[in-house]
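A.B. asks: Okay, handing you the structure first.
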Amino acid sequence: MNDRSRDLKPNDSSPLQTPASWNKRLVAAWRRLWRNDGKEEEKWDRRSEKFRMRYELFREILSLNDSMLQLIADIEDKLLGRAPFALEPLTYRVRSAMFDMFVMVKNLNQIENGRYRKLYDTLGRINSEIDVLCNLRPQIAEGPLTIMMDELRASSASQAGVKMATLGEIRASLGYRVPNGFVVTTFAFGKLVNDNDLWDKVSKLKGILEIYGPPALEKACREVLADFHRIEPPPAVAQAILDAYDALWPQRDVLVAMRSSGVAEDGNWSHAGQYYSELSVSHDLLLESYLEVAASAFRSNAVTYRYNRGLTEDEALMAVGCIEMIDSRTSGIMFSRQFEDPSADRVVITATKGLADALAAGRQNAEEVRVTPGELAAVHSTLLAEEEIGRLIEAARRLEDYFGSPQDIEWAIDQNGELIILQSRRMVDAQEALATAPEITLTGEPIISGGQTACPGARSGPVYQIRSDIEIDRFPEGAVLVARNSSAKFSRLMSKCAAIVTDVGTSTGHMAILAREFGVPTIVGLADATSVLEQNRIVTVDATSRRIWDGAAAIPESKALARSRLADSQAARRLRGIAKLVSPLHLTDPTSADFKPSKCRSLHDITRFVHEKVYEAMFRISDLASRDRVHSLKLDAHLPLDIRVFDIGGGLAMRTPESKDVTPGEVRSEPLVAFLQGLLDPRIRWDRPRNVSARGFLSVLGESMAGPPPEVRGVGSTSYIVLSDRYMNFSTKAGYHFSTVDTYCGKIQNKNYIHFHFAGGGATEDRRSRRVRFLAAVLSHLGFHVPARGDLLTARLDKYDRDYTLKTLIQLGRLTMCARQLDMLMDSDAAADAFAGAFIREEFERF
């Protein structure tokens with residue numbers, strides 16, 4: 001990229017800009033560069049220098065086109081929902097692509113003397129629309145800083161978070177007692193983050209996880225938490241919190257719980273155990289505790305959770321509930337239905353003495369009763385009276401009926417025997433996991449059995465025991481996670497672990513809920529599991545039957561449930577909107593009257609238009625090339641191609657001004673020496689007739705008669721090589737196909753690359769696609785990254801050492817010769833694989 005185009009890159013420190021400022025920069029840059037067009041023309045007095053400058057602009061267009069196509073391929077891959085992705089790095093790439101498109105348009109206009117100036121207007125319009133969609137900062141509506149519990153309703157979720165809004169709805173509409181208190185709103189959270197300039201930092205966290213991995217995320221999150229520890233709430237927020245507390249408890253003697261209440265928490269995704277809540281907080285510690293809970297939105301486990309579920313920064317908005325502590329005699333978690341079979345008329349109740357925070361966190365086992373309404377006499381509980389069980393069942397059914405789905409309910413009974421509802425959210429069942437759980441048959445005795453099924457299913461893998469957070473970051477793909485306690489932190493590993501087994505835990509705890517969200521076979525409360533299951537031992541976990549066997553069983557693969565939902569995630573929906581202005585290709589026919597700047601509706605359209613028009617411009621300079629006796633030389637080699645060579649520094653041996661031709665022996669460019677070795681391989685007898693079938697011949701004849709004539713398509717017979725001592729660009733547009741090899745090869749490995757482009761052909765579309773499949777198979781074998789679509793192929797080989805790069809260029813030369821007119825031989829789909837195998841085995845007589 002030249003110095004002028006480099007100046008157009010966005011400022012790394014301020015990637016988010018308004019459409020107005022964005023377009024002002026584009027217009028200003030365009031005016032500066034357009035004024036230089038005439039000056040550049042003054043410098044291009046000599047014909048050879050003019051050609052050299054045009055070719056540099058052309059090469060930059062090819063490079064930027066390659067980057068644009070790679071971005072489009074990456075966006076399309078993300079939208080398939082096969083893996084989670086971070087939006088922030090993608091939107092940064094899209095913004096960079098907007099500038100790259102400007103450079104492509106500018107270069108085309110410099111080559112064509114301003115012929116396509118209207119492209120600037122089209123690009124500006126598209127960029128303005130993209131810029132709005134790429135602004136990932138949450139838009140928070142202005143509102144109150146605190147809201148009292150008796151004012152909350154379900155409709156308050158955007159301000160109060162789902163958890164607190166639901167509690168307000170339960171109190172107002174169903175009459176159940178909930179803890180008294182208030183909520184610090186998302187508007188207050190927005191002020192906290194905005195006033196302390198933290199949005200840019202926190203918005204990059206998922207990108208850090210995606211690019212650099214969990215250890216880097218952990219470090220970045222610690223830095224964010226340190227920022228929260230050094231700041232104070234904005235004065236208005238701090239005063240609102242203290243005033244709300246004093247209005248409820250003027251004596252300032254009530255201890256409260258500061259509970260997270262995210263806008264996406266307890267909704268479609270449970271976020272079970274992902275955020276922090278602090279208990280028994282006094283008046284003096286209110287503000288400190290508020291900051292701690294608010295900061296938990298950016299703990300590494302919470303960021304990873306949102307990343308794995310495709311949630312955006314909008315779902316990171318955090319309200320914080322400030323509610324009075326309950327002096328509980330008994331508390332627990334209740335499912336209004338069995339998670340294994342929601343159709344059964346049974347309620348699942350887990351209970352413990354005092355507070356149930358350790359039960360939910362997986363640090364404590366609990367008493368569990370499963371009861372059918374009307375059959376209370378058959379239930380035995382050491383913690384709950386029959387009448388209390390009856391009240392819990394009644395509450396479960398009422399909450400389920402009111403909210404329209406089975407509920408996951410946190411409850412408490414105080415010292416006076418009164419029932420208090422602490423939380424209610426949609427229950428995560430195991431229906432999908434059961435539907436996809438494989439049936440397995442194992443012989444012999446299991447190593448260990450028992451515990452509770454948290455999520456059904458069966459998987460095999462090596463045991464990996466986790467005893468500390470350090471081991472979480474070292475967890476290997478496909479291992480069986482074994483731990484003493486269940487923990488919501490393990491959600492970070494649920495996208496890659498085979499199964500989970502814990503000594504302690506309940507099927508109603510946070511980790512069990514998360515395991516069902518992910519569809520990970522899980523057994524909890526299996527005493528002595530950590531003693532019996534040794535590190536690295538291969539085992540098969542059948543969570544459905546609560547048994548574990550030695551060795552690996554043949555188990556059909558089943559996709560984790562969370563992965564299957566990524567295609568419809570919030571991040572995917574946001575990216576889909578951006579993709580509509582980036583990826584679609586509407587300009588498909590260069591011969592159409594609609595193939596013009598005003599019809600471009602996406603960056604892909606502009607890329608295609610520029611790419612097509614710059615090829616036309618470059619291949620129109622064959623007359624200029626043939627008249628150039630200083631820099632343009634004919635390659636004198638036994639090849640079926642007319643090749644002109646342009647040396648831009650050190651690519652050829654010293655020559656006299658009278659020289660008109662150059663032989664392979666006079667080439668000093670290392671990339672071209674290697675490429676010519678492949679082109680001239682004597683085993684490839686291109687001069688012999690090929691055994692073309694009648695169908696192959698007729699397909700080419702039919703396409704040539706039905707399509708535009710060669711002069712319309714811009715088909716030429718001259719190929720060009722621009723080279724230096726370490727660089728080569730070979731470009732050919734012969735027959736009906738287009739091919740480019742762009743490469744740099746030197747001693748510094750990180751600078752080395754080979755980019756290969758191939759498109760078109762003279763045969764029918766199915767035959768052209770088969771030839772591309774042949775090329776893709778061979779290039780993949782050579783180590784290229786090969787995204788191929790139809791008869792278009794773009795392949796990349798980056799950062800290999802000099803020797804391997806040169807060896808690959810030899811193979812690429814051979815491949816170039818073997819691929820010529822090969823579409824005529826592609827009579828069936830099997831032909832592509834057959835020819836690929838023949839090339840890899842060096843059976844060149846087949847070609």
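Please note that chains go A, B, ... in the order of the structure tokens, that every chain numbers its residues from 1, and that ligands are numbered from 1 in the order shown.
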Give me, as a list of chain:residue names, the residues of range 286-405 of chain A that a backbone DSSP run labels strand (DSSP E).
C.D. replies: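 Checking each residue of range 286-405 of chain A, the strand (DSSP E) ones are A:Met318, A:Ala319, A:Val320, A:Gly321, A:Cys322, A:Ile323, A:Glu324, A:Ser328, A:Arg329, A:Thr330, A:Ser331, A:Gly332, A:Ile333, A:Met334, A:Phe335, A:Val347, A:Val348, A:Ile349, A:Thr350, A:Ala351, A:Thr352, A:Lys353, A:Glu367, A:Glu368, A:Val369, A:Arg370, A:Val371.
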A.B. asks: Identify, on the basis of only C-alpha atoms, every residue whose closest approach to Ser277 in chain A does not exceed 9 Å; exclude the query and any residue fewer than 5 positions from it along the same chain; express the result as a list in words.
C.D. replies: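 Everything that qualifies: Ala257, Met258, Arg259, Ser260, Ser289, Glu292, Val293, Ser296 and Val320 of chain A.
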A.B. asks: For the selection you just gave me, I'd like the residues written to a file as a tab-separated table (two decimals), in the first residue's frame, keeping N, CA and C atoms.
C.D. replies:
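Wrote it out as selection-v4.tsv, contents follow:
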```tsv
chain	number	residue	atom	x	y	z
A	257	ALA	N	-28.96	-7.05	50.30
A	257	ALA	CA	-28.24	-7.81	49.28
A	257	ALA	C	-28.16	-6.95	48.03
A	258	MET	N	-26.97	-6.79	47.48
A	258	MET	CA	-26.79	-6.08	46.21
A	258	MET	C	-26.73	-7.16	45.12
A	259	ARG	N	-27.81	-7.27	44.33
A	259	ARG	CA	-27.95	-8.37	43.39
A	259	ARG	C	-27.87	-7.88	41.95
A	260	SER	N	-27.13	-8.61	41.15
A	260	SER	CA	-27.06	-8.30	39.72
A	260	SER	C	-28.43	-8.48	39.09
A	289	SER	N	-20.14	-1.71	47.16
A	289	SER	CA	-20.76	-2.95	46.70
A	289	SER	C	-21.42	-2.76	45.34
A	292	GLU	N	-18.84	-3.10	42.73
A	292	GLU	CA	-18.38	-4.49	42.59
A	292	GLU	C	-19.36	-5.31	41.76
A	293	VAL	N	-20.66	-5.13	42.02
A	293	VAL	CA	-21.67	-5.86	41.26
A	293	VAL	C	-21.71	-5.38	39.82
A	296	SER	N	-18.99	-6.77	37.70
A	296	SER	CA	-19.05	-8.21	37.40
A	296	SER	C	-19.57	-8.47	35.99
A	320	VAL	N	-28.69	-3.01	39.19
A	320	VAL	CA	-28.31	-3.66	40.46
A	320	VAL	C	-29.46	-3.48	41.45
```
A.B. asks: Kindly give the distance, in Å, that separates CA of Ser270 in chain A and CA of His510 in chain A, rounded to a single decimal.
C.D. replies: 9.0 Å
A.B. asks: I'd like the contact shell of Ala674 in chain A - 9 Å cut-off, only C-alpha atoms, skipping same-chain residues fewer than 2 positions apart - returned as a PDB file with N, CA and C atoms, in the first residue's frame.
C.D. replies:
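Contents of out37.pdb, as written:
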```
ATOM      1  N   SER A 669      14.978 -12.745 -10.723  1.00  0.00           N
ATOM      2  CA  SER A 669      13.934 -12.735  -9.698  1.00  0.00           C
ATOM      3  C   SER A 669      13.710 -14.151  -9.192  1.00  0.00           C
ATOM      4  N   GLU A 670      13.951 -14.375  -7.898  1.00  0.00           N
ATOM      5  CA  GLU A 670      13.815 -15.729  -7.350  1.00  0.00           C
ATOM      6  C   GLU A 670      12.405 -16.284  -7.526  1.00  0.00           C
ATOM      7  N   PRO A 671      11.344 -15.497  -7.278  1.00  0.00           N
ATOM      8  CA  PRO A 671       9.999 -16.062  -7.486  1.00  0.00           C
ATOM      9  C   PRO A 671       9.752 -16.478  -8.934  1.00  0.00           C
ATOM     10  N   LEU A 672      10.196 -15.667  -9.913  1.00  0.00           N
ATOM     11  CA  LEU A 672       9.947 -16.018 -11.305  1.00  0.00           C
ATOM     12  C   LEU A 672      10.801 -17.199 -11.748  1.00  0.00           C
ATOM     13  N   LEU A 676       8.898 -20.242 -13.375  1.00  0.00           N
ATOM     14  CA  LEU A 676       9.230 -20.700 -14.727  1.00  0.00           C
ATOM     15  C   LEU A 676       9.673 -22.156 -14.732  1.00  0.00           C
ATOM     16  N   GLN A 677      10.332 -22.579 -13.667  1.00  0.00           N
ATOM     17  CA  GLN A 677      10.730 -23.990 -13.588  1.00  0.00           C
ATOM     18  C   GLN A 677       9.515 -24.896 -13.667  1.00  0.00           C
ATOM     19  N   GLY A 678       8.418 -24.459 -13.027  1.00  0.00           N
ATOM     20  CA  GLY A 678       7.184 -25.228 -13.117  1.00  0.00           C
ATOM     21  C   GLY A 678       6.508 -25.088 -14.467  1.00  0.00           C
ATOM     22  N   LEU A 679       6.444 -23.865 -14.989  1.00  0.00           N
ATOM     23  CA  LEU A 679       5.819 -23.657 -16.298  1.00  0.00           C
ATOM     24  C   LEU A 679       6.499 -24.469 -17.397  1.00  0.00           C
ATOM     25  N   LEU A 806       9.439 -21.073  -2.423  1.00  0.00           N
ATOM     26  CA  LEU A 806       9.961 -21.300  -3.771  1.00  0.00           C
ATOM     27  C   LEU A 806       9.515 -22.657  -4.316  1.00  0.00           C
ATOM     28  N   LYS A 807       9.535 -23.684  -3.484  1.00  0.00           N
ATOM     29  CA  LYS A 807       9.060 -25.002  -3.926  1.00  0.00           C
ATOM     30  C   LYS A 807       7.585 -24.943  -4.319  1.00  0.00           C
ATOM     31  N   THR A 808       6.819 -24.177  -3.576  1.00  0.00           N
ATOM     32  CA  THR A 808       5.394 -24.055  -3.892  1.00  0.00           C
ATOM     33  C   THR A 808       5.187 -23.305  -5.199  1.00  0.00           C
ATOM     34  N   LEU A 809       6.023 -22.312  -5.472  1.00  0.00           N
ATOM     35  CA  LEU A 809       5.922 -21.588  -6.742  1.00  0.00           C
ATOM     36  C   LEU A 809       6.223 -22.501  -7.934  1.00  0.00           C
ATOM     37  N   ILE A 810       7.129 -23.427  -7.757  1.00  0.00           N
ATOM     38  CA  ILE A 810       7.388 -24.414  -8.819  1.00  0.00           C
ATOM     39  C   ILE A 810       6.113 -25.210  -9.086  1.00  0.00           C
ATOM     40  N   GLN A 811       5.476 -25.676  -8.020  1.00  0.00           N
ATOM     41  CA  GLN A 811       4.236 -26.437  -8.167  1.00  0.00           C
ATOM     42  C   GLN A 811       3.132 -25.583  -8.785  1.00  0.00           C
ATOM     43  N   GLY A 813       3.550 -23.156 -10.897  1.00  0.00           N
ATOM     44  CA  GLY A 813       3.816 -23.080 -12.333  1.00  0.00           C
ATOM     45  C   GLY A 813       3.300 -24.306 -13.062  1.00  0.00           C
TER      46      GLY A 813
END
```
A.B. asks: Find the residue from A:Asp131, A:Glu169, A:Glu400, A:Asp742 that sits nearest to Leu62 in chain A; use only C-alpha atoms when measuring.
C.D. replies: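 Using only C-alpha atoms, the shortest distance to Leu62 in chain A belongs to A:Asp742.
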A.B. asks: Between A:Leu383, A:Val539, A:Leu680, A:Leu792, which is the closest to Ala366 in chain A once you count only C-alpha atoms?
C.D. replies: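 The closest residue to Ala366 in chain A is A:Leu383.
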A.B. asks: List the neighbours of Asp833 in chain A out to 8 Å using only C-alpha atoms; skip same-chain residues closer than 5 positions along the sequence, and give me the result as a short mmCIF file (atom, residue, chain, number, x, y, z; two decimals) with all heavy atoms, in the first residue's frame.
C.D. replies:
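The result, stored in selection_27.cif:
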```
data_model
loop_
_atom_site.label_atom_id
_atom_site.label_comp_id
_atom_site.auth_asym_id
_atom_site.auth_seq_id
_atom_site.Cartn_x
_atom_site.Cartn_y
_atom_site.Cartn_z
N ARG A 773 -12.72 -26.94 -8.28
CA ARG A 773 -12.58 -27.99 -7.24
C ARG A 773 -11.25 -28.69 -7.36
O ARG A 773 -10.59 -29.01 -6.36
CB ARG A 773 -13.72 -29.00 -7.35
CG ARG A 773 -15.02 -28.56 -6.69
CD ARG A 773 -16.07 -29.63 -6.79
NE ARG A 773 -15.59 -30.93 -6.38
CZ ARG A 773 -16.13 -32.09 -6.75
NH1 ARG A 773 -17.18 -32.09 -7.56
NH2 ARG A 773 -15.64 -33.22 -6.32
N PHE A 774 -10.81 -28.95 -8.58
CA PHE A 774 -9.50 -29.56 -8.82
C PHE A 774 -8.40 -28.65 -8.28
O PHE A 774 -7.50 -29.09 -7.53
CB PHE A 774 -9.31 -29.81 -10.32
CG PHE A 774 -7.88 -29.82 -10.77
CD1 PHE A 774 -7.06 -30.91 -10.50
CD2 PHE A 774 -7.35 -28.75 -11.48
CE1 PHE A 774 -5.73 -30.92 -10.92
CE2 PHE A 774 -6.04 -28.74 -11.90
CZ PHE A 774 -5.22 -29.84 -11.62
N ALA A 777 -8.39 -28.54 -4.43
CA ALA A 777 -7.84 -29.76 -3.81
C ALA A 777 -6.32 -29.75 -3.84
O ALA A 777 -5.66 -30.07 -2.84
CB ALA A 777 -8.39 -30.99 -4.53
#
```
A.B. asks: Could you tell me which of A:Leu90, A:Leu119, A:Ala512, A:Leu442 comes closest to Ala554 in chain A if we count only C-alpha atoms?
C.D. replies: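 When distances to Ala554 in chain A are compared using only C-alpha atoms, the smallest one comes from A:Leu442.
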